>>> print(open('input13.pdb').read())   # PDB, C-alpha atoms and all ligand atoms
ATOM      1  CA  MET A   1      86.078 -80.095   3.368
ATOM      2  CA  ASN A   2      88.218 -77.759   1.346
ATOM      3  CA  ASP A   3      87.555 -76.967  -2.269
ATOM      4  CA  SER A   4      90.798 -75.324  -3.426
ATOM      5  CA  LYS A   5      88.853 -72.441  -5.011
ATOM      6  CA  LEU A   6      86.997 -71.675  -1.809
ATOM      7  CA  LEU A   7      88.477 -68.920   0.366
ATOM      8  CA  TYR A   8      88.095 -69.252   4.142
ATOM      9  CA  PHE A   9      88.031 -65.820   5.732
ATOM     10  CA  GLY A  10      86.975 -64.728   9.172
ATOM     11  CA  THR A  11      87.689 -62.984  12.405
ATOM     12  CA  ASN A  12      87.917 -63.708  16.091
ATOM     13  CA  THR A  13      86.931 -60.546  17.945
ATOM     14  CA  LYS A  14      88.658 -61.773  21.137
ATOM     15  CA  MET A  15      87.425 -59.845  24.235
ATOM     16  CA  TYR A  16      86.848 -56.632  22.337
ATOM     17  CA  LYS A  17      83.240 -56.295  21.184
ATOM     18  CA  THR A  18      80.231 -56.049  23.489
ATOM     19  CA  ASN A  19      76.937 -57.545  22.403
ATOM     20  CA  GLU A  20      75.834 -54.186  21.024
ATOM     21  CA  GLU A  21      79.119 -53.667  19.166
ATOM     22  CA  THR A  22      78.917 -57.188  17.725
ATOM     23  CA  ARG A  23      75.372 -56.543  16.526
ATOM     24  CA  ALA A  24      76.467 -53.351  14.742
ATOM     25  CA  PHE A  25      79.499 -55.090  13.210
ATOM     26  CA  LEU A  26      77.464 -58.012  11.883
ATOM     27  CA  THR A  27      74.655 -55.839  10.574
ATOM     28  CA  GLU A  28      77.145 -53.812   8.535
ATOM     29  CA  LEU A  29      79.090 -56.878   7.428
ATOM     30  CA  LEU A  30      75.929 -58.551   6.161
ATOM     31  CA  LYS A  31      75.115 -55.521   4.018
ATOM     32  CA  LEU A  32      78.635 -55.249   2.639
ATOM     33  CA  THR A  33      78.914 -58.918   1.714
ATOM     34  CA  ALA A  34      75.331 -59.594   0.578
ATOM     35  CA  ASP A  35      76.320 -59.875  -3.095
ATOM     36  CA  LEU A  36      78.994 -62.531  -2.542
ATOM     37  CA  ASN A  37      78.579 -66.036  -3.857
ATOM     38  CA  PRO A  38      78.945 -68.455  -0.907
ATOM     39  CA  ASP A  39      80.744 -70.832  -3.279
ATOM     40  CA  ASP A  40      83.617 -68.324  -3.477
ATOM     41  CA  ALA A  41      84.111 -67.545   0.206
ATOM     42  CA  ARG A  42      83.346 -69.264   3.487
ATOM     43  CA  LEU A  43      83.041 -66.327   5.892
ATOM     44  CA  PHE A  44      82.946 -66.635   9.668
ATOM     45  CA  VAL A  45      82.825 -64.433  12.740
ATOM     46  CA  ILE A  46      83.746 -65.587  16.253
ATOM     47  CA  PRO A  47      82.456 -63.110  18.863
ATOM     48  CA  SER A  48      82.307 -63.278  22.656
ATOM     49  CA  PHE A  49      79.922 -65.761  24.270
ATOM     50  CA  THR A  50      77.602 -62.984  25.445
ATOM     51  CA  ALA A  51      77.034 -61.902  21.832
ATOM     52  CA  LEU A  52      76.316 -65.350  20.383
ATOM     53  CA  THR A  53      72.538 -65.409  20.810
ATOM     54  CA  ASP A  54      71.970 -62.035  19.176
ATOM     55  CA  ALA A  55      74.615 -62.778  16.548
ATOM     56  CA  ARG A  56      72.740 -65.960  15.606
ATOM     57  CA  LYS A  57      69.517 -63.957  15.155
ATOM     58  CA  ILE A  58      71.230 -61.318  13.022
ATOM     59  CA  LEU A  59      73.062 -63.814  10.840
ATOM     60  CA  ASN A  60      69.899 -65.886  10.634
ATOM     61  CA  ALA A  61      70.162 -67.971   7.464
ATOM     62  CA  SER A  62      73.028 -65.945   5.965
ATOM     63  CA  PRO A  63      76.037 -67.928   4.742
ATOM     64  CA  ILE A  64      78.303 -66.241   7.326
ATOM     65  CA  LYS A  65      79.203 -68.915   9.860
ATOM     66  CA  LEU A  66      79.052 -68.217  13.584
ATOM     67  CA  GLY A  67      81.787 -69.420  15.909
ATOM     68  CA  ALA A  68      82.421 -69.625  19.647
ATOM     69  CA  GLN A  69      85.826 -68.818  21.136
ATOM     70  CA  ASN A  70      85.989 -71.819  23.463
ATOM     71  CA  ILE A  71      84.077 -74.896  24.632
ATOM     72  CA  CYS A  72      84.027 -77.260  27.598
ATOM     73  CA  TRP A  73      84.464 -80.966  26.807
ATOM     74  CA  GLU A  74      81.669 -82.021  29.156
ATOM     75  CA  ASP A  75      77.961 -81.680  28.335
ATOM     76  CA  ALA A  76      77.061 -80.575  31.885
ATOM     77  CA  GLY A  77      78.495 -80.714  35.379
ATOM     78  CA  GLU A  78      80.403 -78.963  38.106
ATOM     79  CA  TYR A  79      82.463 -76.716  35.819
ATOM     80  CA  THR A  80      81.834 -73.172  37.014
ATOM     81  CA  GLY A  81      82.504 -70.599  34.340
ATOM     82  CA  GLU A  82      82.540 -73.062  31.437
ATOM     83  CA  ILE A  83      80.208 -73.257  28.421
ATOM     84  CA  SER A  84      79.179 -76.710  27.249
ATOM     85  CA  PRO A  85      78.747 -77.981  23.688
ATOM     86  CA  VAL A  86      75.046 -78.488  24.399
ATOM     87  CA  MET A  87      74.702 -74.780  25.222
ATOM     88  CA  LEU A  88      76.552 -73.746  22.067
ATOM     89  CA  LYS A  89      74.510 -76.107  19.938
ATOM     90  CA  GLU A  90      71.296 -74.722  21.448
ATOM     91  CA  ILE A  91      72.268 -71.242  20.217
ATOM     92  CA  GLY A  92      73.098 -72.563  16.755
ATOM     93  CA  VAL A  93      76.871 -72.132  16.770
ATOM     94  CA  ASP A  94      78.539 -73.574  13.647
ATOM     95  CA  ILE A  95      82.241 -73.471  14.534
ATOM     96  CA  VAL A  96      84.218 -73.788  17.756
ATOM     97  CA  GLU A  97      87.648 -72.215  18.031
ATOM     98  CA  ILE A  98      89.899 -74.463  20.102
ATOM     99  CA  GLY A  99      93.375 -73.901  21.535
ATOM    100  CA  HIS A 100      93.861 -70.293  20.479
ATOM    101  CA  SER A 101      97.288 -69.021  21.505
ATOM    102  CA  GLU A 102      95.756 -66.740  24.140
ATOM    103  CA  ARG A 103      93.897 -69.692  25.675
ATOM    104  CA  ARG A 104      97.067 -71.802  25.708
ATOM    105  CA  HIS A 105      99.500 -69.147  26.920
ATOM    106  CA  ILE A 106      97.416 -66.954  29.239
ATOM    107  CA  PHE A 107      95.025 -69.575  30.591
ATOM    108  CA  GLY A 108      97.293 -72.608  30.449
ATOM    109  CA  GLU A 109      95.253 -74.800  28.112
ATOM    110  CA  THR A 110      97.020 -77.967  27.040
ATOM    111  CA  ASP A 111      97.043 -80.152  23.937
ATOM    112  CA  ASP A 112      95.274 -82.802  25.944
ATOM    113  CA  GLN A 113      92.405 -80.398  26.694
ATOM    114  CA  ALA A 114      92.356 -79.283  23.067
ATOM    115  CA  GLU A 115      91.859 -82.914  22.063
ATOM    116  CA  LYS A 116      88.844 -83.281  24.356
ATOM    117  CA  LYS A 117      87.380 -80.021  23.051
ATOM    118  CA  VAL A 118      87.822 -81.050  19.413
ATOM    119  CA  ARG A 119      86.088 -84.324  20.266
ATOM    120  CA  ALA A 120      83.212 -82.496  22.015
ATOM    121  CA  ALA A 121      82.653 -79.990  19.195
ATOM    122  CA  ILE A 122      82.567 -82.722  16.547
ATOM    123  CA  ASN A 123      80.361 -85.018  18.651
ATOM    124  CA  HIS A 124      77.820 -82.209  18.816
ATOM    125  CA  GLY A 125      77.822 -81.547  15.084
ATOM    126  CA  MET A 126      79.964 -78.402  15.073
ATOM    127  CA  THR A 127      83.144 -77.712  13.109
ATOM    128  CA  ALA A 128      86.297 -77.739  15.232
ATOM    129  CA  LEU A 129      88.766 -74.975  14.359
ATOM    130  CA  LEU A 130      91.973 -76.156  16.029
ATOM    131  CA  CYS A 131      94.559 -73.392  16.447
ATOM    132  CA  ILE A 132      98.230 -74.323  16.594
ATOM    133  CA  GLY A 133     101.464 -72.369  16.615
ATOM    134  CA  GLU A 134     104.923 -72.189  18.131
ATOM    135  CA  THR A 135     106.244 -69.574  20.564
ATOM    136  CA  ASN A 136     109.176 -67.314  19.763
ATOM    137  CA  GLU A 137     111.399 -69.395  22.016
ATOM    138  CA  GLN A 138     110.437 -72.617  20.245
ATOM    139  CA  LYS A 139     111.184 -70.917  16.910
ATOM    140  CA  ASP A 140     114.609 -69.841  18.200
ATOM    141  CA  TYR A 141     115.363 -73.441  19.180
ATOM    142  CA  GLY A 142     114.365 -74.526  15.666
ATOM    143  CA  ILE A 143     111.675 -76.893  16.938
ATOM    144  CA  GLN A 144     108.680 -75.198  15.302
ATOM    145  CA  ASP A 145     107.798 -78.200  13.145
ATOM    146  CA  GLU A 146     108.090 -80.584  16.095
ATOM    147  CA  VAL A 147     105.757 -78.331  18.103
ATOM    148  CA  LEU A 148     103.213 -78.178  15.278
ATOM    149  CA  SER A 149     103.368 -81.963  14.811
ATOM    150  CA  MET A 150     102.761 -82.487  18.509
ATOM    151  CA  GLN A 151      99.858 -80.041  18.680
ATOM    152  CA  LEU A 152      98.235 -81.710  15.676
ATOM    153  CA  LYS A 153      98.894 -85.297  16.723
ATOM    154  CA  ILE A 154      97.605 -84.804  20.265
ATOM    155  CA  GLY A 155      94.789 -82.397  19.409
ATOM    156  CA  LEU A 156      93.457 -84.683  16.676
ATOM    157  CA  HIS A 157      94.267 -87.966  18.379
ATOM    158  CA  SER A 158      90.740 -89.376  18.452
ATOM    159  CA  ILE A 159      89.481 -87.840  15.222
ATOM    160  CA  THR A 160      88.661 -90.212  12.366
ATOM    161  CA  GLY A 161      89.272 -89.465   8.705
ATOM    162  CA  SER A 162      85.582 -89.049   7.968
ATOM    163  CA  GLU A 163      85.163 -86.645  10.912
ATOM    164  CA  ALA A 164      88.194 -84.652   9.774
ATOM    165  CA  ALA A 165      86.801 -84.487   6.246
ATOM    166  CA  LYS A 166      83.476 -83.102   7.448
ATOM    167  CA  ALA A 167      84.144 -81.031  10.519
ATOM    168  CA  LEU A 168      87.757 -79.932  10.945
ATOM    169  CA  TRP A 169      89.577 -76.715  10.109
ATOM    170  CA  ILE A 170      93.098 -75.853  11.252
ATOM    171  CA  ALA A 171      94.494 -72.382  11.924
ATOM    172  CA  TYR A 172      98.253 -71.906  12.018
ATOM    173  CA  GLU A 173      98.863 -68.904  14.248
ATOM    174  CA  PRO A 174     102.444 -68.507  15.432
ATOM    175  CA  VAL A 175     102.341 -67.023  18.940
ATOM    176  CA  TRP A 176     105.041 -64.452  18.097
ATOM    177  CA  ALA A 177     102.990 -63.113  15.171
ATOM    178  CA  ILE A 178      99.724 -62.517  17.033
ATOM    179  CA  GLY A 179      98.406 -59.255  18.468
ATOM    180  CA  VAL A 180      99.676 -55.706  18.893
ATOM    181  CA  ASN A 181     103.218 -56.866  19.673
ATOM    182  CA  GLY A 182     103.145 -59.498  16.941
ATOM    183  CA  VAL A 183     105.689 -59.555  14.135
ATOM    184  CA  PRO A 184     104.252 -60.178  10.654
ATOM    185  CA  ILE A 185     105.431 -63.498   9.232
ATOM    186  CA  SER A 186     107.560 -63.779   6.082
ATOM    187  CA  LYS A 187     106.106 -65.539   3.085
ATOM    188  CA  SER A 188     108.804 -68.224   3.037
ATOM    189  CA  TYR A 189     108.439 -69.029   6.751
ATOM    190  CA  ALA A 190     104.651 -69.296   6.378
ATOM    191  CA  GLN A 191     105.085 -71.484   3.311
ATOM    192  CA  ASP A 192     107.434 -73.890   5.105
ATOM    193  CA  ARG A 193     105.137 -74.247   8.124
ATOM    194  CA  HIS A 194     102.027 -74.734   6.016
ATOM    195  CA  ALA A 195     103.816 -77.386   3.941
ATOM    196  CA  HIS A 196     104.723 -79.164   7.175
ATOM    197  CA  ILE A 197     101.168 -78.935   8.537
ATOM    198  CA  ARG A 198      99.818 -80.341   5.292
ATOM    199  CA  LYS A 199     102.271 -83.240   5.481
ATOM    200  CA  VAL A 200     101.203 -84.081   9.048
ATOM    201  CA  LEU A 201      97.511 -83.949   8.087
ATOM    202  CA  ILE A 202      98.205 -86.309   5.181
ATOM    203  CA  ASP A 203     100.152 -88.641   7.513
ATOM    204  CA  LEU A 204      97.209 -88.634   9.928
ATOM    205  CA  PHE A 205      94.277 -88.870   7.547
ATOM    206  CA  GLY A 206      95.656 -90.014   4.184
ATOM    207  CA  GLU A 207      96.186 -88.091   0.951
ATOM    208  CA  GLU A 208      92.544 -87.626  -0.036
ATOM    209  CA  THR A 209      91.343 -86.166   3.281
ATOM    210  CA  GLY A 210      94.598 -84.648   4.535
ATOM    211  CA  SER A 211      95.120 -82.596   1.409
ATOM    212  CA  ARG A 212      91.622 -81.129   1.635
ATOM    213  CA  ILE A 213      91.326 -80.069   5.286
ATOM    214  CA  PRO A 214      91.172 -76.253   5.278
ATOM    215  CA  VAL A 215      94.289 -74.728   6.832
ATOM    216  CA  LEU A 216      94.087 -71.015   7.592
ATOM    217  CA  TYR A 217      96.826 -68.597   8.531
ATOM    218  CA  GLY A 218      96.448 -66.082  11.366
ATOM    219  CA  GLY A 219      98.685 -63.562  13.136
ATOM    220  CA  SER A 220      99.088 -59.895  12.138
ATOM    221  CA  VAL A 221      97.302 -60.419   8.829
ATOM    222  CA  ASN A 222      96.653 -57.048   7.203
ATOM    223  CA  MET A 223      95.986 -55.433   3.839
ATOM    224  CA  ASP A 224      99.711 -55.484   3.044
ATOM    225  CA  ASN A 225     100.386 -59.187   3.536
ATOM    226  CA  ALA A 226      97.006 -60.857   2.878
ATOM    227  CA  LEU A 227      97.544 -61.370  -0.846
ATOM    228  CA  LEU A 228     101.109 -62.539  -0.428
ATOM    229  CA  LEU A 229     100.029 -65.172   2.118
ATOM    230  CA  MET A 230      97.134 -66.318  -0.043
ATOM    231  CA  SER A 231      99.489 -67.030  -2.950
ATOM    232  CA  ASP A 232     100.613 -70.202  -1.129
ATOM    233  CA  PRO A 233      98.449 -73.147  -2.264
ATOM    234  CA  ASN A 234      98.704 -74.674   1.233
ATOM    235  CA  ILE A 235      97.030 -71.606   2.768
ATOM    236  CA  ASN A 236      93.290 -71.947   2.249
ATOM    237  CA  GLY A 237      92.251 -68.845   4.097
ATOM    238  CA  LEU A 238      92.973 -66.170   6.655
ATOM    239  CA  PHE A 239      91.988 -65.861  10.288
ATOM    240  CA  VAL A 240      92.221 -62.164  11.057
ATOM    241  CA  GLY A 241      92.151 -60.218  14.303
ATOM    242  CA  ARG A 242      92.649 -56.453  14.558
ATOM    243  CA  SER A 243      92.600 -55.724  10.829
ATOM    244  CA  ALA A 244      89.087 -57.130  10.411
ATOM    245  CA  TRP A 245      87.289 -55.600  13.384
ATOM    246  CA  GLU A 246      85.797 -52.828  11.252
ATOM    247  CA  ALA A 247      83.293 -54.333   8.825
ATOM    248  CA  ALA A 248      84.574 -52.068   6.029
ATOM    249  CA  ASN A 249      88.140 -53.358   6.526
ATOM    250  CA  PHE A 250      86.946 -56.971   6.701
ATOM    251  CA  ASN A 251      85.135 -56.454   3.405
ATOM    252  CA  LYS A 252      88.027 -54.575   1.770
ATOM    253  CA  MET A 253      90.575 -57.280   2.586
ATOM    254  CA  LEU A 254      88.169 -60.017   1.531
ATOM    255  CA  ARG A 255      87.488 -58.317  -1.844
ATOM    256  CA  SER A 256      91.176 -57.754  -2.501
ATOM    257  CA  ILE A 257      91.728 -61.516  -2.167
ATOM    258  CA  LEU A 258      88.666 -62.525  -4.183
ATOM    259  CA  ASN A 259      89.567 -60.110  -6.992
ATOM    260  CA  ARG A 260      93.233 -61.110  -7.155
TER     261      ARG A 260
HETATM  262  P1  LIG M   1      95.788 -60.391  15.038
HETATM  263  O1  LIG M   1      95.385 -60.431  13.575
HETATM  264  O2  LIG M   1      95.247 -59.203  15.737
HETATM  265  O3  LIG M   1      97.281 -60.557  15.181
HETATM  266  O4  LIG M   1      95.104 -61.651  15.751
HETATM  267  C1  LIG M   1      95.027 -62.877  15.079
HETATM  268  C2  LIG M   1      94.285 -63.865  15.866
HETATM  269  O5  LIG M   1      94.557 -64.099  17.032
HETATM  270  C3  LIG M   1      93.157 -64.562  15.209
HETATM  271  O6  LIG M   1      92.647 -65.572  16.013
END
>>> encode(input="input13.pdb", output="structure tokens")
Amino acid sequence: MNDSKLLYFGTNTKMYKTNEETRAFLTELLKLTADLNPDDARLFVIPSFTALTDARKILNASPIKLGAQNICWEDAGEYTGEISPVMLKEIGVDIVEIGHSERRHIFGETDDQAEKKVRAAINHGMTALLCIGETNEQKDYGIQDEVLSMQLKIGLHSITGSEAAKALWIAYEPVWAIGVNGVPISKSYAQDRHAHIRKVLIDLFGEETGSRIPVLYGGSVNMDNALLLMSDPNINGLFVGRSAWEAANFNKMLRSILNR
């Protein structure tokens, strides 16, 4: 549930940090952010699966939330290479990232699978962080809002209002803005998309819940555009990749937003 004053801020380390590197990153991040009031910022880190167990021990009871980068919708079974919600829950994962652009576009994940994953994460008491975003081609055709509506309506198909209020975050991450070849988004384009996402969430869950689901922006977020993006009331936080993979940079960007 989003309190408009609360900043959501975190990073997905993709396939970049080993267990040892994740441990070092989290140890430094904990020191740098120890003075923060958890009522001001909801921080989260989403490392590789192999780092989750140690990450949980390091974060211990700290307010920094721990996320997993993917989930299988089944609890157990013949699904070689998959990680089940039961396994994530056993480690003490708080958040599950679902439908990231790289999962959809490199590994062919569909909205239908995203829906089953959202369902599984919520059933097992974790927060589902559903990632949505249009490709460059879809933007060129002018169908970005249709794409976002579809991703939300399918991905959240079985989710009730009370589940959404308790255990759902959305990340808008346009595919063309993500990663080393990504193009930073303009403020007005981000504003228009976030207004649309908010409208769809209100259509799905009603004014009270839909207006309070945290919606984060991600894709080439950096020190230069973080404050500009956060000036939009429909953007409740930032989901950062490259620019947050050094704990000092994570902390610097976070402070610049909190002190704005
Ligand atoms: P970049 O910030 O590196 O573009 O990545 C964003 C992202 O994919 C967060 O999930």
>>> residues_around(input="input13.pdb", residues="region 143-152 of chain A", least_positions_apart="4", cutoff="8 Å", atoms="only C-alpha atoms", output="list in words")
Asp111, Ile132, Gly133, Glu134, Gln138, Lys139, Leu156, His157, Arg193, His196, Ile197, Val200 and Leu201 of chain A
>>> closest_atom_pairs(input="input13.pdb", of="chain A", to="ligand LIG 1 (chain M)", cutoff="6 Å", atoms="all atoms listed in the file", output="Markdown table")
| residue | atom | partner | partner_atom | distance |
| --- | --- | --- | --- | --- |
| A:Asn12 | CA | M:LIG1 | O6 | 5.1 |
| A:Ile178 | CA | M:LIG1 | O3 | 3.6 |
| A:Gly179 | CA | M:LIG1 | O3 | 3.7 |
| A:Gly218 | CA | M:LIG1 | C1 | 5.1 |
| A:Gly219 | CA | M:LIG1 | O3 | 3.9 |
| A:Ser220 | CA | M:LIG1 | O3 | 3.6 |
| A:Val221 | CA | M:LIG1 | O1 | 5.1 |
| A:Phe239 | CA | M:LIG1 | C3 | 5.2 |
| A:Val240 | CA | M:LIG1 | O1 | 4.4 |
| A:Gly241 | CA | M:LIG1 | O1 | 3.3 |
| A:Arg242 | CA | M:LIG1 | O2 | 4.0 |
>>> resolve_selection(input="input13.pdb", expression="the PyMOL selection byres (((chain A and resi 74-89) around 9) and not hetatm)", output="PyMOL selection string")
chain A and resi 49+52+68+70-73+90-94+96+116-117+120-121+123-126
>>> residues_near_point(input="input13.pdb", point="(74.2, -64.2, 15.0)", cutoff="10 Å", atoms="only C-alpha atoms", output="VMD selection string")
chain A and resid 22 to 23 26 to 27 45 to 47 51 to 62 64 to 67 91 to 93
>>> axis_aligned_box(input="input13.pdb", around="region 173-176 of chain A", padding_each_side="8 Å", output="JSON")
{"center_x": 102.0, "center_y": -66.7, "center_z": 16.6, "size_x": 22.2, "size_y": 20.5, "size_z": 20.7}
>>> decode(input="input13.pdb", residues="region 38-48 of chain A", atoms="all heavy atoms", output="PDB file, in the first residue's frame")
ATOM      1  N   PRO A  38      12.647   4.196   8.123  1.00  0.00           N
ATOM      2  CA  PRO A  38      11.922   3.340   7.167  1.00  0.00           C
ATOM      3  C   PRO A  38      10.571   3.925   6.750  1.00  0.00           C
ATOM      4  O   PRO A  38      10.006   3.510   5.733  1.00  0.00           O
ATOM      5  CB  PRO A  38      11.729   2.023   7.925  1.00  0.00           C
ATOM      6  CG  PRO A  38      12.552   2.106   9.152  1.00  0.00           C
ATOM      7  CD  PRO A  38      12.932   3.537   9.396  1.00  0.00           C
ATOM      8  N   ASP A  39      10.073   4.905   7.495  1.00  0.00           N
ATOM      9  CA  ASP A  39       8.811   5.538   7.082  1.00  0.00           C
ATOM     10  C   ASP A  39       9.009   6.488   5.903  1.00  0.00           C
ATOM     11  O   ASP A  39       8.051   6.944   5.291  1.00  0.00           O
ATOM     12  CB  ASP A  39       8.190   6.327   8.244  1.00  0.00           C
ATOM     13  CG  ASP A  39       7.735   5.394   9.343  1.00  0.00           C
ATOM     14  OD1 ASP A  39       7.530   4.195   9.059  1.00  0.00           O
ATOM     15  OD2 ASP A  39       7.609   5.858  10.492  1.00  0.00           O
ATOM     16  N   ASP A  40      10.272   6.834   5.609  1.00  0.00           N
ATOM     17  CA  ASP A  40      10.546   7.748   4.496  1.00  0.00           C
ATOM     18  C   ASP A  40      10.830   6.996   3.194  1.00  0.00           C
ATOM     19  O   ASP A  40      10.565   7.501   2.115  1.00  0.00           O
ATOM     20  CB  ASP A  40      11.775   8.627   4.792  1.00  0.00           C
ATOM     21  CG  ASP A  40      11.512   9.584   5.935  1.00  0.00           C
ATOM     22  OD1 ASP A  40      10.334   9.919   6.165  1.00  0.00           O
ATOM     23  OD2 ASP A  40      12.486   9.981   6.611  1.00  0.00           O
ATOM     24  N   ALA A  41      11.449   5.817   3.329  1.00  0.00           N
ATOM     25  CA  ALA A  41      11.867   5.111   2.105  1.00  0.00           C
ATOM     26  C   ALA A  41      11.724   3.611   2.264  1.00  0.00           C
ATOM     27  O   ALA A  41      12.152   3.034   3.261  1.00  0.00           O
ATOM     28  CB  ALA A  41      13.323   5.456   1.790  1.00  0.00           C
ATOM     29  N   ARG A  42      11.089   2.994   1.270  1.00  0.00           N
ATOM     30  CA  ARG A  42      10.997   1.536   1.232  1.00  0.00           C
ATOM     31  C   ARG A  42      12.071   1.064   0.254  1.00  0.00           C
ATOM     32  O   ARG A  42      11.928   1.192  -0.957  1.00  0.00           O
ATOM     33  CB  ARG A  42       9.583   1.162   0.741  1.00  0.00           C
ATOM     34  CG  ARG A  42       9.249  -0.304   0.620  1.00  0.00           C
ATOM     35  CD  ARG A  42       9.211  -1.057   1.930  1.00  0.00           C
ATOM     36  NE  ARG A  42       8.671  -0.295   3.049  1.00  0.00           N
ATOM     37  CZ  ARG A  42       7.388  -0.171   3.373  1.00  0.00           C
ATOM     38  NH1 ARG A  42       6.470  -0.762   2.662  1.00  0.00           N
ATOM     39  NH2 ARG A  42       7.023   0.541   4.423  1.00  0.00           N
ATOM     40  N   LEU A  43      13.184   0.570   0.811  1.00  0.00           N
ATOM     41  CA  LEU A  43      14.322   0.173  -0.026  1.00  0.00           C
ATOM     42  C   LEU A  43      14.248  -1.314  -0.342  1.00  0.00           C
ATOM     43  O   LEU A  43      13.785  -2.104   0.487  1.00  0.00           O
ATOM     44  CB  LEU A  43      15.634   0.480   0.700  1.00  0.00           C
ATOM     45  CG  LEU A  43      15.799   1.920   1.183  1.00  0.00           C
ATOM     46  CD1 LEU A  43      17.165   2.112   1.835  1.00  0.00           C
ATOM     47  CD2 LEU A  43      15.617   2.911   0.031  1.00  0.00           C
ATOM     48  N   PHE A  44      14.739  -1.694  -1.518  1.00  0.00           N
ATOM     49  CA  PHE A  44      14.748  -3.117  -1.859  1.00  0.00           C
ATOM     50  C   PHE A  44      15.904  -3.433  -2.800  1.00  0.00           C
ATOM     51  O   PHE A  44      16.352  -2.587  -3.580  1.00  0.00           O
ATOM     52  CB  PHE A  44      13.411  -3.550  -2.476  1.00  0.00           C
ATOM     53  CG  PHE A  44      13.061  -2.851  -3.763  1.00  0.00           C
ATOM     54  CD1 PHE A  44      13.329  -3.436  -4.991  1.00  0.00           C
ATOM     55  CD2 PHE A  44      12.463  -1.600  -3.758  1.00  0.00           C
ATOM     56  CE1 PHE A  44      13.006  -2.807  -6.189  1.00  0.00           C
ATOM     57  CE2 PHE A  44      12.145  -0.951  -4.946  1.00  0.00           C
ATOM     58  CZ  PHE A  44      12.407  -1.551  -6.153  1.00  0.00           C
ATOM     59  N   VAL A  45      16.379  -4.663  -2.679  1.00  0.00           N
ATOM     60  CA  VAL A  45      17.453  -5.149  -3.547  1.00  0.00           C
ATOM     61  C   VAL A  45      17.032  -6.524  -4.072  1.00  0.00           C
ATOM     62  O   VAL A  45      16.546  -7.371  -3.311  1.00  0.00           O
ATOM     63  CB  VAL A  45      18.795  -5.249  -2.783  1.00  0.00           C
ATOM     64  CG1 VAL A  45      19.872  -5.867  -3.674  1.00  0.00           C
ATOM     65  CG2 VAL A  45      19.237  -3.866  -2.301  1.00  0.00           C
ATOM     66  N   ILE A  46      17.224  -6.722  -5.391  1.00  0.00           N
ATOM     67  CA  ILE A  46      16.797  -7.964  -6.030  1.00  0.00           C
ATOM     68  C   ILE A  46      18.017  -8.612  -6.697  1.00  0.00           C
ATOM     69  O   ILE A  46      18.334  -8.334  -7.848  1.00  0.00           O
ATOM     70  CB  ILE A  46      15.655  -7.695  -7.043  1.00  0.00           C
ATOM     71  CG1 ILE A  46      14.540  -6.869  -6.373  1.00  0.00           C
ATOM     72  CG2 ILE A  46      15.129  -8.998  -7.604  1.00  0.00           C
ATOM     73  CD1 ILE A  46      13.289  -6.680  -7.206  1.00  0.00           C
ATOM     74  N   PRO A  47      18.719  -9.467  -5.961  1.00  0.00           N
ATOM     75  CA  PRO A  47      19.938 -10.092  -6.511  1.00  0.00           C
ATOM     76  C   PRO A  47      19.619 -11.407  -7.216  1.00  0.00           C
ATOM     77  O   PRO A  47      18.469 -11.830  -7.293  1.00  0.00           O
ATOM     78  CB  PRO A  47      20.775 -10.345  -5.251  1.00  0.00           C
ATOM     79  CG  PRO A  47      19.774 -10.569  -4.169  1.00  0.00           C
ATOM     80  CD  PRO A  47      18.499  -9.852  -4.559  1.00  0.00           C
ATOM     81  N   SER A  48      20.668 -12.062  -7.687  1.00  0.00           N
ATOM     82  CA  SER A  48      20.512 -13.383  -8.320  1.00  0.00           C
ATOM     83  C   SER A  48      20.057 -14.418  -7.296  1.00  0.00           C
ATOM     84  O   SER A  48      20.306 -14.268  -6.098  1.00  0.00           O
ATOM     85  CB  SER A  48      21.856 -13.831  -8.903  1.00  0.00           C
ATOM     86  OG  SER A  48      22.205 -12.983  -9.953  1.00  0.00           O
TER      87      SER A  48
END
